[in-house]
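Before any comments, here is the structure.
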Amino acid sequence: MSHSEHTLGKVSDREGLGVFRLGMIWAGFPFILAITITGSVFVIKSDLATAISAIVIGSLIMFVYVGLLGEIGWKEKRSFSQIAEIIFGRSGYVAIAGLLSFLVLGWFTINTAMPAEIFAASFHVPYWIVAAVLGIIFVIVTARGIYGMNLISNLSIPAYAALMIVSFVVLASHSGSTASGGMEEVGSRALDFSEILAGVLASFADSGTLAPDFNRWAVDRRTSWLSVFSAFPLGFGVAMLAGVAFTALLALRGIGFDEPFQTGNPVGYLIGSGGLLLTFAVVVAVTNQGSNATHCLYNSVLGFSKLSGKRYLVTTLSVGVVGVIIAVTGVWSLLLDWLKIIGVLVPPIGAVVILAYYGGFYERRRDDAMMGMLWMPWIALSAGWVCGLVVNFTSAASYIPVPLSSFASAFIVMGTFLKVTPYKDYNTRVVFEEE
């Protein structure tokens, strides 16, 4: 390692990254096959207008949400876990940082397993061998820290852009007949706008909440916000809308597809074409999903490194091995149901962190005040979680997106506490350990 990842301390000003490098790192996070497939799923489960409007609105909401959290990282030059320690306390932050670190480790295993399955099925190689090899490569890239994220993003973004262009060109040249129903007939309308918007927000809620992990490297506020913009709405929106457009065009041209995870997306379609197109699609899918996998592992390692007090490299190897084992054994598939609760659990955390920071709670706790007020963020979190669960398991989910309901509840409760609770000085100090 030629530099420190500052898992316990601050990033220095001289180590800051400019808008292009940090923007590429952020864009390489959501500009991926999985998000394109998600767009395909949304249009199949709803309709063209609903899917497009939910994706556009959701991408803009994510820009504001991630941008605010990212600015906190830029101002403090600290990771999410370090910031959470002040807001939730030395004991409480363990649960918060542990939860998010575990969730993104789950995404690392899924984004390792997905390209491994594609590769194994395309070239008839045992899945476990491919998953092990890819997982090891992704761990090595992650060990390079923020520079590793920049490297793989620089490879992934142009490769995936080229793949999408090729796939649309190949589809346009297909000789199939045009369906009489037109593009407006795409979709089963099984999900309404609220449910699709909830899916859009939940698909990156956990990683988006960990924005300080990346934006602590920003050289200034402009870099912080522009780098987030490269991911939300740009990379995220383009990737997801590409899935919508591709699946809709397949239907428009009368080309049948089984499921978006198969032939209803650009990668699946090119793989089905065989030959060089198959090889090209598989190589790009591996690189592309690897970009997301390494970013998720990076977030996970920062959290676990802070929690354990171990060095970044040591934590990367230990946590990475666990993730690779989960991917190789196939246990990762059991995580899918667990990850569905992201829309309930994660947004209230972001709401409390945003309001605690911009509402003065963070500053006062950092500077010795309000040290006895730890009940405030936890009651706000509880309110958000309860509201999210109620909406999720009732018909209200058809009208109110679950992530927005859980976020708003926590935000309102935390805001009320900050307004009506007098500040007290408990003469207790939060002490940071520096690397």
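Every chain in the structure tokens takes a letter, A first, then B, and so on in the order presented; its residues are numbered from 1, and the ligands are numbered from 1 following the presented order.
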Check: Running DSSP on the backbone, which parts of region 4-202 of chain A land in alpha helix (DSSP H), as a ChimeraX atom specification?
Finding: /A:19-27,33-45,48-76,80-123,127-143,146-172,193-202
Could you take the residues named above and write them with C-alpha atoms, as a compact mmCIF listing (two decimals), in the first residue's frame?
# COMPACT_ATOMS: atom_id res chain seq x y z
CA VAL A 19 -13.71 15.93 -9.78
CA PHE A 20 -12.69 13.66 -12.66
CA ARG A 21 -11.09 10.94 -10.54
CA LEU A 22 -13.71 10.97 -7.81
CA GLY A 23 -16.46 11.31 -10.41
CA MET A 24 -15.21 8.20 -12.22
CA ILE A 25 -15.12 6.32 -8.93
CA TRP A 26 -18.73 7.24 -8.22
CA ALA A 27 -19.95 6.61 -11.77
CA LEU A 33 -25.37 -4.65 -15.46
CA ALA A 34 -27.36 -5.27 -12.28
CA ILE A 35 -28.93 -1.81 -12.44
CA THR A 36 -29.72 -2.29 -16.15
CA ILE A 37 -31.40 -5.59 -15.33
CA THR A 38 -33.35 -3.85 -12.57
CA GLY A 39 -34.65 -1.39 -15.16
CA SER A 40 -35.76 -4.31 -17.30
CA VAL A 41 -37.59 -5.84 -14.35
CA PHE A 42 -39.35 -2.56 -13.57
CA VAL A 43 -40.71 -2.07 -17.07
CA ILE A 44 -41.84 -5.69 -17.26
CA LYS A 45 -43.61 -5.44 -13.90
CA LEU A 48 -43.17 2.17 -19.87
CA ALA A 49 -44.41 5.52 -18.49
CA THR A 50 -44.47 4.32 -14.88
CA ALA A 51 -40.99 2.82 -15.03
CA ILE A 52 -39.42 5.88 -16.68
CA SER A 53 -41.05 8.42 -14.35
CA ALA A 54 -40.17 6.42 -11.21
CA ILE A 55 -36.55 6.01 -12.33
CA VAL A 56 -36.09 9.70 -13.17
CA ILE A 57 -37.68 10.91 -9.93
CA GLY A 58 -35.86 8.29 -7.87
CA SER A 59 -32.50 9.19 -9.43
CA LEU A 60 -33.01 12.85 -8.54
CA ILE A 61 -34.01 11.98 -4.97
CA MET A 62 -30.87 9.86 -4.67
CA PHE A 63 -28.77 12.78 -5.92
CA VAL A 64 -29.99 14.99 -3.08
CA TYR A 65 -29.77 12.21 -0.46
CA VAL A 66 -26.30 10.99 -1.43
CA GLY A 67 -25.09 14.53 -2.10
CA LEU A 68 -25.96 15.70 1.42
CA LEU A 69 -24.28 12.70 3.01
CA GLY A 70 -21.30 13.07 0.69
CA GLU A 71 -20.83 16.70 1.72
CA ILE A 72 -20.63 15.60 5.34
CA GLY A 73 -17.77 13.30 4.39
CA TRP A 74 -16.04 16.13 2.50
CA LYS A 75 -16.38 18.57 5.39
CA GLU A 76 -15.25 16.14 8.08
CA PHE A 80 -19.26 7.07 7.61
CA SER A 81 -18.33 4.87 10.58
CA GLN A 82 -16.26 7.64 12.17
CA ILE A 83 -19.11 10.12 11.73
CA ALA A 84 -21.65 7.61 13.07
CA GLU A 85 -19.57 7.15 16.23
CA ILE A 86 -20.25 10.75 17.26
CA ILE A 87 -23.95 10.65 16.42
CA PHE A 88 -24.83 7.22 17.82
CA GLY A 89 -22.16 6.89 20.50
CA ARG A 90 -19.27 4.50 21.00
CA SER A 91 -21.57 1.54 21.62
CA GLY A 92 -24.48 2.49 19.40
CA TYR A 93 -22.44 3.09 16.27
CA VAL A 94 -21.30 -0.55 16.39
CA ALA A 95 -24.83 -1.65 15.48
CA ILE A 96 -25.22 0.99 12.75
CA ALA A 97 -21.81 0.53 11.14
CA GLY A 98 -22.04 -3.23 11.56
CA LEU A 99 -25.44 -3.38 9.85
CA LEU A 100 -24.37 -1.33 6.83
CA SER A 101 -21.01 -3.13 6.55
CA PHE A 102 -22.81 -6.47 6.53
CA LEU A 103 -25.35 -5.32 3.95
CA VAL A 104 -22.72 -4.10 1.49
CA LEU A 105 -20.67 -7.26 2.06
CA GLY A 106 -23.79 -9.08 0.90
CA TRP A 107 -23.78 -7.01 -2.27
CA PHE A 108 -20.10 -7.87 -2.79
CA THR A 109 -20.94 -11.58 -2.75
CA ILE A 110 -23.92 -11.12 -5.08
CA ASN A 111 -21.92 -9.01 -7.54
CA THR A 112 -19.18 -11.61 -7.48
CA ALA A 113 -21.61 -14.49 -7.97
CA MET A 114 -23.57 -12.88 -10.82
CA PRO A 115 -20.67 -12.53 -13.32
CA ALA A 116 -19.34 -15.91 -12.15
CA GLU A 117 -22.63 -17.55 -13.09
CA ILE A 118 -22.68 -15.77 -16.45
CA PHE A 119 -19.10 -16.84 -17.19
CA ALA A 120 -19.58 -20.41 -15.98
CA ALA A 121 -22.78 -20.91 -18.00
CA SER A 122 -21.34 -19.32 -21.15
CA PHE A 123 -18.07 -21.26 -21.24
CA TYR A 127 -19.11 -22.15 -11.14
CA TRP A 128 -17.14 -22.45 -7.92
CA ILE A 129 -13.81 -22.11 -9.73
CA VAL A 130 -14.92 -18.96 -11.55
CA ALA A 131 -16.41 -17.45 -8.39
CA ALA A 132 -13.20 -18.13 -6.44
CA VAL A 133 -10.95 -16.63 -9.10
CA LEU A 134 -13.11 -13.54 -9.62
CA GLY A 135 -13.52 -13.06 -5.88
CA ILE A 136 -9.76 -13.15 -5.33
CA ILE A 137 -9.20 -10.64 -8.14
CA PHE A 138 -11.83 -8.30 -6.69
CA VAL A 139 -10.24 -8.54 -3.22
CA ILE A 140 -6.83 -7.66 -4.68
CA VAL A 141 -8.29 -4.61 -6.43
CA THR A 142 -10.03 -3.53 -3.22
CA ALA A 143 -6.74 -3.85 -1.33
CA ILE A 146 -9.45 4.37 -3.29
CA TYR A 147 -6.91 4.07 -6.13
CA GLY A 148 -8.17 0.56 -6.85
CA MET A 149 -11.71 1.94 -7.10
CA ASN A 150 -10.52 4.51 -9.63
CA LEU A 151 -8.68 1.89 -11.67
CA ILE A 152 -11.55 -0.55 -12.06
CA SER A 153 -14.04 2.27 -12.72
CA ASN A 154 -11.83 3.55 -15.53
CA LEU A 155 -12.02 0.09 -17.11
CA SER A 156 -15.65 -0.64 -16.37
CA ILE A 157 -17.39 2.56 -17.51
CA PRO A 158 -16.15 2.73 -21.14
CA ALA A 159 -16.44 -1.05 -21.52
CA TYR A 160 -20.06 -1.09 -20.40
CA ALA A 161 -20.92 1.97 -22.48
CA ALA A 162 -19.48 0.19 -25.53
CA LEU A 163 -21.47 -2.94 -24.72
CA MET A 164 -24.74 -1.04 -24.53
CA ILE A 165 -24.05 0.70 -27.84
CA VAL A 166 -23.22 -2.61 -29.52
CA SER A 167 -26.30 -4.31 -28.09
CA PHE A 168 -28.65 -1.58 -29.33
CA VAL A 169 -27.00 -1.62 -32.77
CA VAL A 170 -27.32 -5.41 -33.00
CA LEU A 171 -30.93 -5.22 -31.87
CA ALA A 172 -31.69 -2.49 -34.43
CA PHE A 193 -45.58 3.88 -9.35
CA SER A 194 -45.06 3.87 -5.58
CA GLU A 195 -43.71 0.33 -5.56
CA ILE A 196 -41.37 0.96 -8.50
CA LEU A 197 -40.09 4.18 -6.89
CA ALA A 198 -39.49 2.24 -3.68
CA GLY A 199 -37.45 -0.29 -5.64
CA VAL A 200 -35.41 2.45 -7.31
CA LEU A 201 -34.56 4.05 -3.96
CA ALA A 202 -33.84 0.79 -2.16
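Counting from CA of Leu374 (chain A), the distance to CA of Thr421 (chain A) is 12.2 Å.
One finds CA of Val319 (chain A) at 8.2 Å from CA of Leu297 (chain A).
One distance worth recording is that between CA of Lys77 (chain A) and CA of Trp217 (chain A), which is 6.9 Å.
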